>>> print(open('final24.csv').read())   # CSV, C-alpha atoms
chain,number,residue,atom,x,y,z
A,1323,MET,CA,126.9,-100.1,-64.1
A,1324,ILE,CA,124.7,-99.1,-61.3
A,1325,SER,CA,121.1,-100.3,-61.8
A,1326,LEU,CA,118.0,-98.2,-61.3
A,1327,ASN,CA,114.5,-99.5,-61.1
A,1328,PHE,CA,113.4,-98.2,-64.5
A,1329,ASP,CA,110.5,-100.7,-64.3
A,1330,LYS,CA,108.9,-98.5,-61.6
A,1331,GLY,CA,108.7,-95.5,-63.9
A,1332,LYS,CA,105.9,-95.2,-66.4
A,1333,ASP,CA,107.3,-95.9,-69.9
A,1334,GLY,CA,110.7,-96.8,-68.3
A,1335,LEU,CA,111.3,-93.2,-67.3
A,1336,LEU,CA,112.5,-92.0,-63.9
A,1337,PRO,CA,112.7,-88.4,-62.6
A,1338,ALA,CA,116.1,-86.8,-62.3
A,1339,VAL,CA,116.5,-83.6,-60.2
A,1340,ALA,CA,119.4,-81.4,-61.1
A,1341,VAL,CA,120.7,-79.2,-58.3
A,1342,ASP,CA,123.5,-76.7,-58.4
A,1343,ALA,CA,126.6,-78.2,-56.8
A,1344,THR,CA,127.6,-74.8,-55.4
A,1345,ASP,CA,124.6,-74.1,-53.3
A,1346,GLY,CA,122.1,-76.9,-53.7
A,1347,CYS,CA,119.6,-74.8,-55.6
A,1348,VAL,CA,117.1,-77.1,-57.4
A,1349,LEU,CA,117.6,-76.2,-61.1
A,1350,MET,CA,115.2,-78.5,-62.9
A,1351,LEU,CA,113.5,-81.9,-63.0
A,1352,ALA,CA,113.5,-84.0,-66.1
A,1353,TYR,CA,113.4,-87.7,-66.9
A,1354,ILE,CA,115.9,-90.4,-67.7
A,1355,ASN,CA,115.7,-93.7,-69.4
A,1356,GLN,CA,118.4,-96.4,-69.3
A,1357,GLU,CA,120.2,-94.8,-72.3
A,1358,ALA,CA,120.3,-91.4,-70.7
A,1359,TRP,CA,121.5,-92.8,-67.4
A,1360,GLU,CA,124.3,-94.7,-69.1
A,1361,LYS,CA,125.3,-91.7,-71.2
A,1362,THR,CA,125.4,-89.5,-68.1
A,1363,LEU,CA,127.6,-92.0,-66.2
A,1364,ALA,CA,129.9,-92.4,-69.2
A,1365,THR,CA,130.3,-88.8,-70.2
A,1366,GLY,CA,130.0,-86.8,-67.0
A,1367,LYS,CA,127.4,-84.6,-68.6
A,1368,ALA,CA,123.7,-84.7,-67.7
A,1369,HIS,CA,121.6,-86.5,-70.3
A,1370,TYR,CA,117.9,-86.9,-70.1
A,1371,PHE,CA,115.1,-88.3,-72.2
A,1372,SER,CA,113.0,-85.6,-73.9
A,1373,ARG,CA,109.4,-86.6,-73.5
A,1374,SER,CA,108.2,-84.1,-76.1
A,1375,ARG,CA,110.8,-85.0,-78.7
A,1376,LYS,CA,111.0,-88.7,-77.6
A,1377,GLU,CA,114.7,-88.8,-77.9
A,1378,LEU,CA,117.9,-88.8,-75.9
A,1379,TRP,CA,118.7,-85.2,-74.8
A,1380,LEU,CA,122.1,-83.9,-73.9
A,1381,LYS,CA,121.1,-80.9,-71.8
A,1382,GLY,CA,122.7,-77.8,-73.3
A,1383,GLU,CA,123.2,-79.3,-76.7
A,1384,THR,CA,121.4,-76.3,-78.3
A,1385,SER,CA,121.9,-73.6,-75.7
A,1386,GLY,CA,125.4,-74.5,-74.6
A,1387,ASN,CA,124.2,-74.7,-71.0
A,1388,VAL,CA,125.6,-78.1,-70.4
A,1389,GLN,CA,125.4,-79.6,-66.9
A,1390,ILE,CA,128.8,-81.0,-65.7
A,1391,ILE,CA,128.1,-83.8,-63.2
A,1392,LYS,CA,129.8,-83.4,-59.9
A,1393,ASP,CA,128.0,-86.0,-57.9
A,1394,ILE,CA,125.0,-88.3,-58.3
A,1395,TYR,CA,122.7,-89.6,-55.6
A,1396,VAL,CA,120.2,-92.4,-55.9
A,1397,ASP,CA,117.2,-92.6,-53.6
A,1398,CYS,CA,116.2,-95.5,-51.3
A,1399,ASP,CA,114.0,-97.2,-53.9
A,1400,ALA,CA,116.4,-96.6,-56.8
A,1401,ASP,CA,113.7,-94.9,-58.7
A,1402,ALA,CA,114.8,-91.3,-58.6
A,1403,VAL,CA,118.2,-89.6,-58.8
A,1404,VAL,CA,119.8,-86.3,-57.9
A,1405,TYR,CA,122.5,-84.8,-60.2
A,1406,ARG,CA,124.7,-82.3,-58.5
A,1407,VAL,CA,126.0,-80.2,-61.4
A,1408,GLU,CA,128.0,-77.3,-62.5
A,1409,GLN,CA,125.5,-75.4,-64.6
A,1410,LEU,CA,127.4,-73.9,-67.5
A,1411,GLY,CA,126.0,-70.5,-68.6
A,1412,GLY,CA,124.4,-70.2,-65.1
A,1413,ALA,CA,120.8,-71.0,-66.3
A,1414,ALA,CA,119.1,-74.3,-66.6
A,1415,CYS,CA,115.6,-73.2,-67.7
A,1416,HIS,CA,114.7,-72.8,-71.4
A,1417,THR,CA,113.1,-69.5,-70.4
A,1418,GLY,CA,116.5,-68.1,-69.4
A,1419,HIS,CA,115.9,-68.4,-65.6
A,1420,ARG,CA,118.5,-70.0,-63.5
A,1421,SER,CA,116.0,-72.5,-62.2
A,1422,CYS,CA,112.9,-73.9,-63.8
A,1423,PHE,CA,111.3,-73.5,-60.4
A,1424,TYR,CA,111.0,-69.7,-60.6
A,1425,HIS,CA,107.2,-69.5,-59.8
A,1426,ARG,CA,106.6,-69.1,-56.1
A,1427,VAL,CA,103.2,-69.8,-54.6
A,1428,MET,CA,101.9,-66.7,-53.0
A,1429,GLY,CA,98.4,-67.4,-51.8
A,1430,ASP,CA,96.2,-68.0,-54.9
A,1431,ARG,CA,98.7,-66.7,-57.4
A,1432,LEU,CA,102.2,-67.4,-58.6
A,1433,ALA,CA,105.0,-64.8,-58.3
A,1434,ILE,CA,108.0,-64.8,-60.6
A,1435,GLU,CA,111.3,-64.8,-58.8
A,1436,GLY,CA,114.4,-63.6,-60.4
A,1437,LYS,CA,115.1,-62.4,-64.0
A,1438,PRO,CA,116.1,-64.4,-67.0
A,1439,LEU,CA,119.9,-64.7,-67.5
A,1440,PHE,CA,119.6,-65.0,-71.2
A,1441,ASP,CA,117.1,-64.3,-74.0
A,1442,PRO,CA,115.6,-67.5,-75.2
A,1443,GLN,CA,114.9,-66.1,-78.6
A,1444,GLU,CA,118.6,-65.4,-79.0
A,1445,ILE,CA,119.6,-68.8,-77.8
A,1446,TYR,CA,117.0,-71.0,-79.5
A,1447,LYS,CA,117.1,-69.5,-82.9
A,1448,LYS,CA,115.0,-71.1,-85.6
A,1449,ALA,CA,117.1,-73.0,-88.1
B,846,MET,CA,93.6,-72.5,-56.5
B,847,ILE,CA,96.8,-72.7,-58.5
B,848,SER,CA,96.5,-75.1,-61.4
B,849,LEU,CA,99.1,-77.6,-62.3
B,850,ASN,CA,99.3,-79.6,-65.5
B,851,PHE,CA,98.2,-82.9,-64.1
B,852,ASP,CA,97.4,-84.1,-67.6
B,853,LYS,CA,101.1,-84.1,-68.3
B,854,GLY,CA,101.8,-86.7,-65.7
B,855,LYS,CA,101.1,-90.4,-66.2
B,856,ASP,CA,97.9,-91.4,-64.3
B,857,GLY,CA,97.5,-87.7,-63.3
B,858,LEU,CA,100.5,-87.8,-61.0
B,859,LEU,CA,103.3,-85.2,-61.0
B,860,PRO,CA,106.6,-85.3,-59.1
B,861,ALA,CA,107.1,-83.2,-56.0
B,862,VAL,CA,110.6,-82.6,-54.6
B,863,ALA,CA,110.8,-81.9,-50.9
B,864,VAL,CA,113.8,-79.9,-49.8
B,865,ASP,CA,114.8,-78.8,-46.3
B,866,ALA,CA,114.0,-75.1,-46.0
B,867,THR,CA,117.0,-74.6,-43.7
B,868,ASP,CA,119.7,-75.6,-46.2
B,869,GLY,CA,118.1,-76.7,-49.4
B,870,CYS,CA,119.0,-80.4,-48.9
B,871,VAL,CA,116.9,-82.6,-51.2
B,872,LEU,CA,115.0,-84.8,-48.8
B,873,MET,CA,112.8,-86.9,-51.1
B,874,LEU,CA,110.8,-87.1,-54.3
B,875,ALA,CA,107.2,-88.4,-54.3
B,876,TYR,CA,104.1,-87.9,-56.4
B,877,ILE,CA,101.1,-85.7,-56.1
B,878,ASN,CA,97.6,-85.8,-57.6
B,879,GLN,CA,95.0,-83.0,-57.6
B,880,GLU,CA,93.7,-84.1,-54.2
B,881,ALA,CA,97.2,-84.2,-52.6
B,882,TRP,CA,98.0,-80.8,-54.1
B,883,GLU,CA,94.8,-79.3,-52.7
B,884,LYS,CA,95.4,-80.8,-49.3
B,885,THR,CA,98.9,-79.5,-49.2
B,886,LEU,CA,97.8,-76.0,-50.0
B,887,ALA,CA,94.9,-76.1,-47.6
B,888,THR,CA,96.7,-77.6,-44.6
B,889,GLY,CA,100.3,-76.4,-45.0
B,890,LYS,CA,101.5,-80.0,-44.5
B,891,ALA,CA,103.0,-82.0,-47.4
B,892,HIS,CA,100.6,-84.5,-48.9
B,893,TYR,CA,101.4,-86.9,-51.6
B,894,PHE,CA,99.7,-89.8,-53.4
B,895,SER,CA,101.1,-93.2,-52.4
B,896,ARG,CA,101.6,-95.2,-55.6
B,897,SER,CA,102.0,-98.4,-53.6
B,898,ARG,CA,98.9,-97.9,-51.4
B,899,LYS,CA,97.0,-96.0,-54.1
B,900,GLU,CA,95.8,-93.4,-51.6
B,901,LEU,CA,96.3,-89.9,-50.3
B,902,TRP,CA,99.3,-89.8,-48.1
B,903,LEU,CA,99.9,-87.3,-45.4
B,904,LYS,CA,103.7,-87.5,-45.0
B,905,GLY,CA,104.5,-88.4,-41.4
B,906,GLU,CA,101.1,-89.7,-40.6
B,907,THR,CA,102.6,-92.9,-39.2
B,908,SER,CA,106.1,-91.8,-38.2
B,909,GLY,CA,105.2,-88.3,-37.0
B,910,ASN,CA,107.8,-86.9,-39.4
B,911,VAL,CA,105.4,-84.4,-40.9
B,912,GLN,CA,106.7,-81.8,-43.4
B,913,ILE,CA,105.6,-78.3,-42.6
B,914,ILE,CA,105.4,-76.3,-45.8
B,915,LYS,CA,107.4,-73.1,-45.8
B,916,ASP,CA,107.3,-72.3,-49.5
B,917,ILE,CA,106.2,-74.0,-52.7
B,918,TYR,CA,107.7,-73.5,-56.1
B,919,VAL,CA,106.2,-74.5,-59.4
B,920,ASP,CA,108.3,-75.2,-62.5
B,921,CYS,CA,108.1,-73.5,-66.0
B,922,ASP,CA,105.8,-76.2,-67.4
B,923,ALA,CA,103.6,-76.5,-64.2
B,924,ASP,CA,104.3,-80.2,-64.2
B,925,ALA,CA,106.6,-80.4,-61.2
B,926,VAL,CA,106.8,-78.7,-57.8
B,927,VAL,CA,109.3,-78.1,-55.0
B,928,TYR,CA,108.1,-78.1,-51.4
B,929,ARG,CA,110.5,-76.2,-49.1
B,930,VAL,CA,109.7,-77.8,-45.7
B,931,GLU,CA,110.5,-78.0,-42.1
B,932,GLN,CA,111.1,-81.7,-41.7
B,933,LEU,CA,109.8,-82.7,-38.2
B,934,GLY,CA,111.9,-85.4,-36.6
B,935,GLY,CA,114.8,-84.5,-38.9
B,936,ALA,CA,114.4,-87.4,-41.2
B,937,ALA,CA,112.3,-87.8,-44.4
B,938,CYS,CA,113.2,-91.3,-45.4
B,939,HIS,CA,111.4,-94.4,-44.3
B,940,THR,CA,114.8,-96.0,-43.6
B,941,GLY,CA,115.5,-93.4,-41.0
B,942,HIS,CA,118.0,-91.4,-43.1
B,943,ARG,CA,117.6,-87.7,-43.3
B,944,SER,CA,117.2,-87.8,-47.1
B,945,CYS,CA,116.1,-90.6,-49.3
B,946,PHE,CA,119.0,-89.7,-51.5
B,947,TYR,CA,121.6,-91.3,-49.3
B,948,HIS,CA,123.3,-93.5,-51.9
B,949,ARG,CA,126.1,-91.7,-53.6
B,950,VAL,CA,127.5,-93.0,-56.9
B,951,MET,CA,131.2,-93.9,-56.5
B,952,GLY,CA,132.3,-95.4,-59.7
B,953,ASP,CA,130.5,-98.6,-60.2
B,954,ARG,CA,129.1,-98.8,-56.7
B,955,LEU,CA,126.9,-96.9,-54.3
B,956,ALA,CA,128.2,-95.6,-51.1
B,957,ILE,CA,125.9,-94.9,-48.1
B,958,GLU,CA,126.2,-91.4,-46.7
B,959,GLY,CA,125.2,-90.6,-43.2
B,960,LYS,CA,123.5,-92.8,-40.6
B,961,PRO,CA,119.8,-93.3,-39.9
B,962,LEU,CA,118.3,-90.9,-37.4
B,963,PHE,CA,115.7,-93.3,-36.2
B,964,ASP,CA,115.1,-97.1,-36.2
B,965,PRO,CA,112.4,-97.9,-38.8
B,966,GLN,CA,111.4,-101.0,-36.9
B,967,GLU,CA,110.6,-98.8,-33.9
B,968,ILE,CA,108.7,-96.3,-35.9
B,969,TYR,CA,106.7,-98.4,-38.3
B,970,LYS,CA,105.5,-101.1,-35.8
B,971,LYS,CA,103.3,-103.7,-37.2
B,972,ALA,CA,99.7,-103.2,-36.1
>>> encode(input="final24.csv", output="structure tokens")
Amino acid sequence: MISLNFDKGKDGLLPAVAVDATDGCVLMLAYINQEAWEKTLATGKAHYFSRSRKELWLKGETSGNVQIIKDIYVDCDADAVVYRVEQLGGAACHTGHRSCFYHRVMGDRLAIEGKPLFDPQEIYKKA
Amino acid sequence: MISLNFDKGKDGLLPAVAVDATDGCVLMLAYINQEAWEKTLATGKAHYFSRSRKELWLKGETSGNVQIIKDIYVDCDADAVVYRVEQLGGAACHTGHRSCFYHRVMGDRLAIEGKPLFDPQEIYKKA
């Protein structure tokens, strides 16, 4: 098991950056704890820790937009990781956008780049 | 001034991912506070907050490897940003590697990818 410096993150959480393995596009940033890290290594699917739900989060569990791990990189301080992934469904963001980073700074305002690839209301139906 | 949700970060810090504007390579991940964000927007050079030194950090202040901002993207929750930069000197990492993410997970071990582009002992001379 490869050790990360979880002690360096607040509440034992470290940032994980998911990038598309096909072109390096930054898809999202979320957080991992020890359990999410172990699950990711063991299953080959990106797991995170949901700070809002305070629980282990298999990305795509609800939407189907699972991230298949192609490669993982660890930074020089072992307190951040990059997941190179195959993004199933083409979109990582809960808004339906390919990337969560779809707001581009244009002077004093944010411009939206691209269009959603799915309708969140269809995907995240209320139970 | 574009507002970020600094309240969502611990200690008012949010992660900023620097990627190379030429090819999208993830160079590093560091943290910003309100002051670093404002300085980055105002100067067009990547500023962070150094958690170890607990102070504003102009990336490259010592090494000369300043990051010239080309574009900035803000994520869906406004609690993480991507800086697309021109990396002066070619290397972002204090080890001399182009990227801080130079450790690749290979089974149960980490393999080092690439070679340092500069000698840290030459760059970060003791005063």
>>> atom_distance(input="final24.csv", atom1="CA of Asp1430 (chain A)", atom2="CA of Ala866 (chain B)")
21.1 Å
>>> residues_around(input="final24.csv", residues="Val871 (chain B)", least_positions_apart="6", cutoff="9 Å", atoms="all atoms listed in the file", output="PDB file with C-alpha atoms, keeping the file's coordinate frame")
ATOM      1  CA  VAL A1341     120.700 -79.200 -58.300  1.00  0.00           C
ATOM      2  CA  GLY A1346     122.100 -76.900 -53.700  1.00  0.00           C
ATOM      3  CA  VAL A1348     117.100 -77.100 -57.400  1.00  0.00           C
ATOM      4  CA  VAL A1404     119.800 -86.300 -57.900  1.00  0.00           C
TER       5      VAL A1404
ATOM      6  CA  VAL B 862     110.600 -82.600 -54.600  1.00  0.00           C
ATOM      7  CA  ALA B 863     110.800 -81.900 -50.900  1.00  0.00           C
ATOM      8  CA  VAL B 864     113.800 -79.900 -49.800  1.00  0.00           C
ATOM      9  CA  ASP B 865     114.800 -78.800 -46.300  1.00  0.00           C
ATOM     10  CA  SER B 944     117.200 -87.800 -47.100  1.00  0.00           C
ATOM     11  CA  CYS B 945     116.100 -90.600 -49.300  1.00  0.00           C
ATOM     12  CA  PHE B 946     119.000 -89.700 -51.500  1.00  0.00           C
TER      13      PHE B 946
END
>>> calpha_fit_and_write(input="final24.csv", fixed="chain A", moving="chain B", output="mmCIF file with C-alpha atoms, keeping the file's coordinate frame")
data_model
loop_
_atom_site.group_PDB
_atom_site.id
_atom_site.type_symbol
_atom_site.label_atom_id
_atom_site.label_comp_id
_atom_site.auth_asym_id
_atom_site.auth_seq_id
_atom_site.Cartn_x
_atom_site.Cartn_y
_atom_site.Cartn_z
ATOM 1 C CA MET B 846 126.931 -100.088 -64.086
ATOM 2 C CA ILE B 847 124.631 -99.019 -61.285
ATOM 3 C CA SER B 848 121.113 -100.295 -61.786
ATOM 4 C CA LEU B 849 118.066 -98.226 -61.287
ATOM 5 C CA ASN B 850 114.501 -99.465 -61.084
ATOM 6 C CA PHE B 851 113.375 -98.311 -64.469
ATOM 7 C CA ASP B 852 110.445 -100.702 -64.291
ATOM 8 C CA LYS B 853 109.006 -98.523 -61.578
ATOM 9 C CA GLY B 854 108.684 -95.561 -63.844
ATOM 10 C CA LYS B 855 105.923 -95.195 -66.428
ATOM 11 C CA ASP B 856 107.308 -95.946 -69.945
ATOM 12 C CA GLY B 857 110.687 -96.776 -68.289
ATOM 13 C CA LEU B 858 111.328 -93.170 -67.348
ATOM 14 C CA LEU B 859 112.426 -92.014 -63.875
ATOM 15 C CA PRO B 860 112.725 -88.448 -62.571
ATOM 16 C CA ALA B 861 116.110 -86.808 -62.211
ATOM 17 C CA VAL B 862 116.524 -83.638 -60.126
ATOM 18 C CA ALA B 863 119.390 -81.387 -61.096
ATOM 19 C CA VAL B 864 120.730 -79.205 -58.330
ATOM 20 C CA ASP B 865 123.536 -76.641 -58.441
ATOM 21 C CA ALA B 866 126.563 -78.196 -56.755
ATOM 22 C CA THR B 867 127.629 -74.781 -55.435
ATOM 23 C CA ASP B 868 124.568 -74.126 -53.257
ATOM 24 C CA GLY B 869 122.118 -76.926 -53.664
ATOM 25 C CA CYS B 870 119.588 -74.796 -55.618
ATOM 26 C CA VAL B 871 117.081 -77.033 -57.421
ATOM 27 C CA LEU B 872 117.600 -76.166 -61.053
ATOM 28 C CA MET B 873 115.190 -78.506 -62.858
ATOM 29 C CA LEU B 874 113.483 -81.875 -62.959
ATOM 30 C CA ALA B 875 113.517 -84.011 -66.135
ATOM 31 C CA TYR B 876 113.317 -87.689 -66.973
ATOM 32 C CA ILE B 877 115.865 -90.325 -67.673
ATOM 33 C CA ASN B 878 115.739 -93.717 -69.401
ATOM 34 C CA GLN B 879 118.409 -96.450 -69.336
ATOM 35 C CA GLU B 880 120.202 -94.878 -72.298
ATOM 36 C CA ALA B 881 120.252 -91.359 -70.738
ATOM 37 C CA TRP B 882 121.464 -92.819 -67.444
ATOM 38 C CA GLU B 883 124.290 -94.680 -69.175
ATOM 39 C CA LYS B 884 125.297 -91.635 -71.146
ATOM 40 C CA THR B 885 125.355 -89.507 -68.077
ATOM 41 C CA LEU B 886 127.599 -91.904 -66.256
ATOM 42 C CA ALA B 887 129.868 -92.413 -69.217
ATOM 43 C CA THR B 888 130.295 -88.771 -70.236
ATOM 44 C CA GLY B 889 129.928 -86.855 -66.957
ATOM 45 C CA LYS B 890 127.390 -84.545 -68.651
ATOM 46 C CA ALA B 891 123.678 -84.674 -67.722
ATOM 47 C CA HIS B 892 121.562 -86.523 -70.245
ATOM 48 C CA TYR B 893 117.884 -86.895 -70.110
ATOM 49 C CA PHE B 894 115.103 -88.311 -72.301
ATOM 50 C CA SER B 895 112.981 -85.607 -73.947
ATOM 51 C CA ARG B 896 109.337 -86.633 -73.548
ATOM 52 C CA SER B 897 108.277 -84.072 -76.139
ATOM 53 C CA ARG B 898 110.893 -85.040 -78.769
ATOM 54 C CA LYS B 899 110.972 -88.691 -77.688
ATOM 55 C CA GLU B 900 114.768 -88.793 -77.875
ATOM 56 C CA LEU B 901 117.964 -88.733 -75.882
ATOM 57 C CA TRP B 902 118.680 -85.254 -74.773
ATOM 58 C CA LEU B 903 122.059 -83.923 -73.928
ATOM 59 C CA LYS B 904 121.173 -80.915 -71.735
ATOM 60 C CA GLY B 905 122.682 -77.794 -73.280
ATOM 61 C CA GLU B 906 123.187 -79.284 -76.658
ATOM 62 C CA THR B 907 121.442 -76.321 -78.279
ATOM 63 C CA SER B 908 121.948 -73.562 -75.712
ATOM 64 C CA GLY B 909 125.449 -74.557 -74.593
ATOM 65 C CA ASN B 910 124.179 -74.673 -71.008
ATOM 66 C CA VAL B 911 125.601 -78.114 -70.376
ATOM 67 C CA GLN B 912 125.459 -79.596 -66.842
ATOM 68 C CA ILE B 913 128.752 -80.984 -65.688
ATOM 69 C CA ILE B 914 128.124 -83.779 -63.223
ATOM 70 C CA LYS B 915 129.858 -83.380 -59.895
ATOM 71 C CA ASP B 916 128.027 -86.038 -57.913
ATOM 72 C CA ILE B 917 125.020 -88.293 -58.372
ATOM 73 C CA TYR B 918 122.749 -89.532 -55.657
ATOM 74 C CA VAL B 919 120.277 -92.356 -55.894
ATOM 75 C CA ASP B 920 117.195 -92.600 -53.669
ATOM 76 C CA CYS B 921 116.159 -95.488 -51.268
ATOM 77 C CA ASP B 922 113.940 -97.140 -53.893
ATOM 78 C CA ALA B 923 116.407 -96.586 -56.856
ATOM 79 C CA ASP B 924 113.603 -94.913 -58.732
ATOM 80 C CA ALA B 925 114.817 -91.330 -58.604
ATOM 81 C CA VAL B 926 118.194 -89.586 -58.818
ATOM 82 C CA VAL B 927 119.791 -86.242 -57.971
ATOM 83 C CA TYR B 928 122.467 -84.823 -60.257
ATOM 84 C CA ARG B 929 124.682 -82.278 -58.447
ATOM 85 C CA VAL B 930 125.988 -80.193 -61.397
ATOM 86 C CA GLU B 931 127.993 -77.294 -62.500
ATOM 87 C CA GLN B 932 125.478 -75.440 -64.609
ATOM 88 C CA LEU B 933 127.407 -73.837 -67.550
ATOM 89 C CA GLY B 934 125.988 -70.482 -68.546
ATOM 90 C CA GLY B 935 124.350 -70.164 -65.122
ATOM 91 C CA ALA B 936 120.897 -70.974 -66.254
ATOM 92 C CA ALA B 937 119.075 -74.351 -66.547
ATOM 93 C CA CYS B 938 115.704 -73.230 -67.749
ATOM 94 C CA HIS B 939 114.708 -72.826 -71.341
ATOM 95 C CA THR B 940 113.134 -69.467 -70.417
ATOM 96 C CA GLY B 941 116.491 -68.160 -69.403
ATOM 97 C CA HIS B 942 115.868 -68.349 -65.630
ATOM 98 C CA ARG B 943 118.462 -69.936 -63.474
ATOM 99 C CA SER B 944 116.008 -72.582 -62.215
ATOM 100 C CA CYS B 945 112.877 -73.857 -63.784
ATOM 101 C CA PHE B 946 111.304 -73.476 -60.401
ATOM 102 C CA TYR B 947 110.924 -69.739 -60.626
ATOM 103 C CA HIS B 948 107.214 -69.474 -59.818
ATOM 104 C CA ARG B 949 106.632 -69.135 -56.142
ATOM 105 C CA VAL B 950 103.180 -69.809 -54.670
ATOM 106 C CA MET B 951 101.824 -66.650 -52.983
ATOM 107 C CA GLY B 952 98.376 -67.411 -51.876
ATOM 108 C CA ASP B 953 96.260 -67.983 -54.864
ATOM 109 C CA ARG B 954 98.782 -66.705 -57.366
ATOM 110 C CA LEU B 955 102.282 -67.355 -58.607
ATOM 111 C CA ALA B 956 104.953 -64.831 -58.270
ATOM 112 C CA ILE B 957 108.023 -64.792 -60.584
ATOM 113 C CA GLU B 958 111.337 -64.811 -58.763
ATOM 114 C CA GLY B 959 114.461 -63.568 -60.372
ATOM 115 C CA LYS B 960 115.058 -62.433 -63.956
ATOM 116 C CA PRO B 961 116.143 -64.453 -66.985
ATOM 117 C CA LEU B 962 119.876 -64.704 -67.494
ATOM 118 C CA PHE B 963 119.653 -65.025 -71.210
ATOM 119 C CA ASP B 964 117.123 -64.241 -74.000
ATOM 120 C CA PRO B 965 115.569 -67.538 -75.188
ATOM 121 C CA GLN B 966 114.885 -66.062 -78.590
ATOM 122 C CA GLU B 967 118.619 -65.438 -78.976
ATOM 123 C CA ILE B 968 119.581 -68.840 -77.808
ATOM 124 C CA TYR B 969 117.053 -71.100 -79.441
ATOM 125 C CA LYS B 970 117.098 -69.516 -82.972
ATOM 126 C CA LYS B 971 114.924 -71.129 -85.468
ATOM 127 C CA ALA B 972 116.952 -73.145 -87.967
#
>>> residues_around(input="final24.csv", residues="region 1414-1416 of chain A", least_positions_apart="4", cutoff="8 Å", atoms="all atoms listed in the file", output="ChimeraX atom specification")
/A:1349-1350,1387,1409,1420-1422,1442 /B:921
>>> closest_residue(input="final24.csv", among="A:Ile1445, A:Val1427, A:Lys1437, A:Ala1400", to="Ser1325 (chain A)", atoms="only C-alpha atoms")
A:Ala1400
>>> closest_residue(input="final24.csv", among="A:Glu1408, A:Glu1444, A:Glu1357, A:Glu1383", to="Leu1336 (chain A)", atoms="all atoms listed in the file")
A:Glu1357
>>> residues_near_point(input="final24.csv", point="(106.7, -74.6, -63.1)", cutoff="9 Å", atoms="all atoms listed in the file", output="JSON, numbers by chain")
{"A": [1422, 1423, 1424, 1425, 1426], "B": [849, 918, 919, 920, 921, 922, 923, 924, 925, 926]}
>>> residues_around(input="final24.csv", residues="Leu962 (chain B)", least_positions_apart="4", cutoff="7 Å", atoms="all atoms listed in the file", output="PyMOL selection string")
chain B and resi 936+941-943
>>> closest_residue(input="final24.csv", among="B:Leu901, B:Leu886, B:Ala875, B:Leu933", to="Asp916 (chain B)", atoms="only C-alpha atoms")
B:Leu886
>>> atom_distance(input="final24.csv", atom1="CA of Ile847 (chain B)", atom2="CA of Tyr1405 (chain A)")
28.5 Å
>>> closest_residue(input="final24.csv", among="B:Ile914, B:Tyr893, B:Leu955, B:Ala881", to="chain A", atoms="only C-alpha atoms")
B:Leu955
>>> axis_aligned_box(input="final24.csv", around="region 1373-1392 of chain A", padding_each_side="5 Å", output="AutoDock Vina command-line options")
--center_x 119.0 --center_y -81.2 --center_z -69.3 --size_x 31.6 --size_y 25.2 --size_z 28.8
>>> residues_around(input="final24.csv", residues="Tyr969 (chain B)", least_positions_apart="3", cutoff="10 Å", atoms="all atoms listed in the file", output="JSON, numbers by chain")
{"B": [907, 908, 939, 940, 964, 965, 966, 972]}
>>> decode(input="final24.csv", residues="region 1421-1432 of chain A", atoms="N, CA and C atoms", output="PDB file, in the first residue's frame")
ATOM      1  N   SER A1421     -16.396  19.086 -17.438  1.00  0.00           N
ATOM      2  CA  SER A1421     -15.491  19.418 -16.335  1.00  0.00           C
ATOM      3  C   SER A1421     -16.215  20.320 -15.348  1.00  0.00           C
ATOM      4  N   CYS A1422     -15.873  20.173 -14.080  1.00  0.00           N
ATOM      5  CA  CYS A1422     -16.394  21.111 -13.078  1.00  0.00           C
ATOM      6  C   CYS A1422     -15.824  22.517 -13.293  1.00  0.00           C
ATOM      7  N   PHE A1423     -14.694  22.599 -13.982  1.00  0.00           N
ATOM      8  CA  PHE A1423     -14.037  23.896 -14.178  1.00  0.00           C
ATOM      9  C   PHE A1423     -14.524  24.521 -15.487  1.00  0.00           C
ATOM     10  N   TYR A1424     -15.804  24.832 -15.547  1.00  0.00           N
ATOM     11  CA  TYR A1424     -16.379  25.369 -16.774  1.00  0.00           C
ATOM     12  C   TYR A1424     -16.640  26.875 -16.701  1.00  0.00           C
ATOM     13  N   HIS A1425     -16.223  27.499 -15.610  1.00  0.00           N
ATOM     14  CA  HIS A1425     -16.313  28.955 -15.499  1.00  0.00           C
ATOM     15  C   HIS A1425     -14.938  29.558 -15.753  1.00  0.00           C
ATOM     16  N   ARG A1426     -14.874  30.346 -16.794  1.00  0.00           N
ATOM     17  CA  ARG A1426     -13.606  30.969 -17.160  1.00  0.00           C
ATOM     18  C   ARG A1426     -13.604  32.429 -16.741  1.00  0.00           C
ATOM     19  N   VAL A1427     -12.533  32.844 -16.104  1.00  0.00           N
ATOM     20  CA  VAL A1427     -12.430  34.242 -15.670  1.00  0.00           C
ATOM     21  C   VAL A1427     -12.217  35.134 -16.896  1.00  0.00           C
ATOM     22  N   MET A1428     -13.149  36.083 -17.048  1.00  0.00           N
ATOM     23  CA  MET A1428     -13.056  37.062 -18.138  1.00  0.00           C
ATOM     24  C   MET A1428     -13.163  38.436 -17.494  1.00  0.00           C
ATOM     25  N   GLY A1429     -12.022  38.994 -17.135  1.00  0.00           N
ATOM     26  CA  GLY A1429     -12.061  40.278 -16.425  1.00  0.00           C
ATOM     27  C   GLY A1429     -12.750  40.103 -15.091  1.00  0.00           C
ATOM     28  N   ASP A1430     -13.814  40.865 -14.876  1.00  0.00           N
ATOM     29  CA  ASP A1430     -14.505  40.817 -13.590  1.00  0.00           C
ATOM     30  C   ASP A1430     -15.697  39.870 -13.568  1.00  0.00           C
ATOM     31  N   ARG A1431     -15.823  39.062 -14.608  1.00  0.00           N
ATOM     32  CA  ARG A1431     -16.964  38.148 -14.615  1.00  0.00           C
ATOM     33  C   ARG A1431     -16.507  36.747 -15.004  1.00  0.00           C
ATOM     34  N   LEU A1432     -17.419  35.798 -14.818  1.00  0.00           N
ATOM     35  CA  LEU A1432     -17.159  34.415 -15.203  1.00  0.00           C
ATOM     36  C   LEU A1432     -17.993  34.079 -16.429  1.00  0.00           C
TER      37      LEU A1432
END
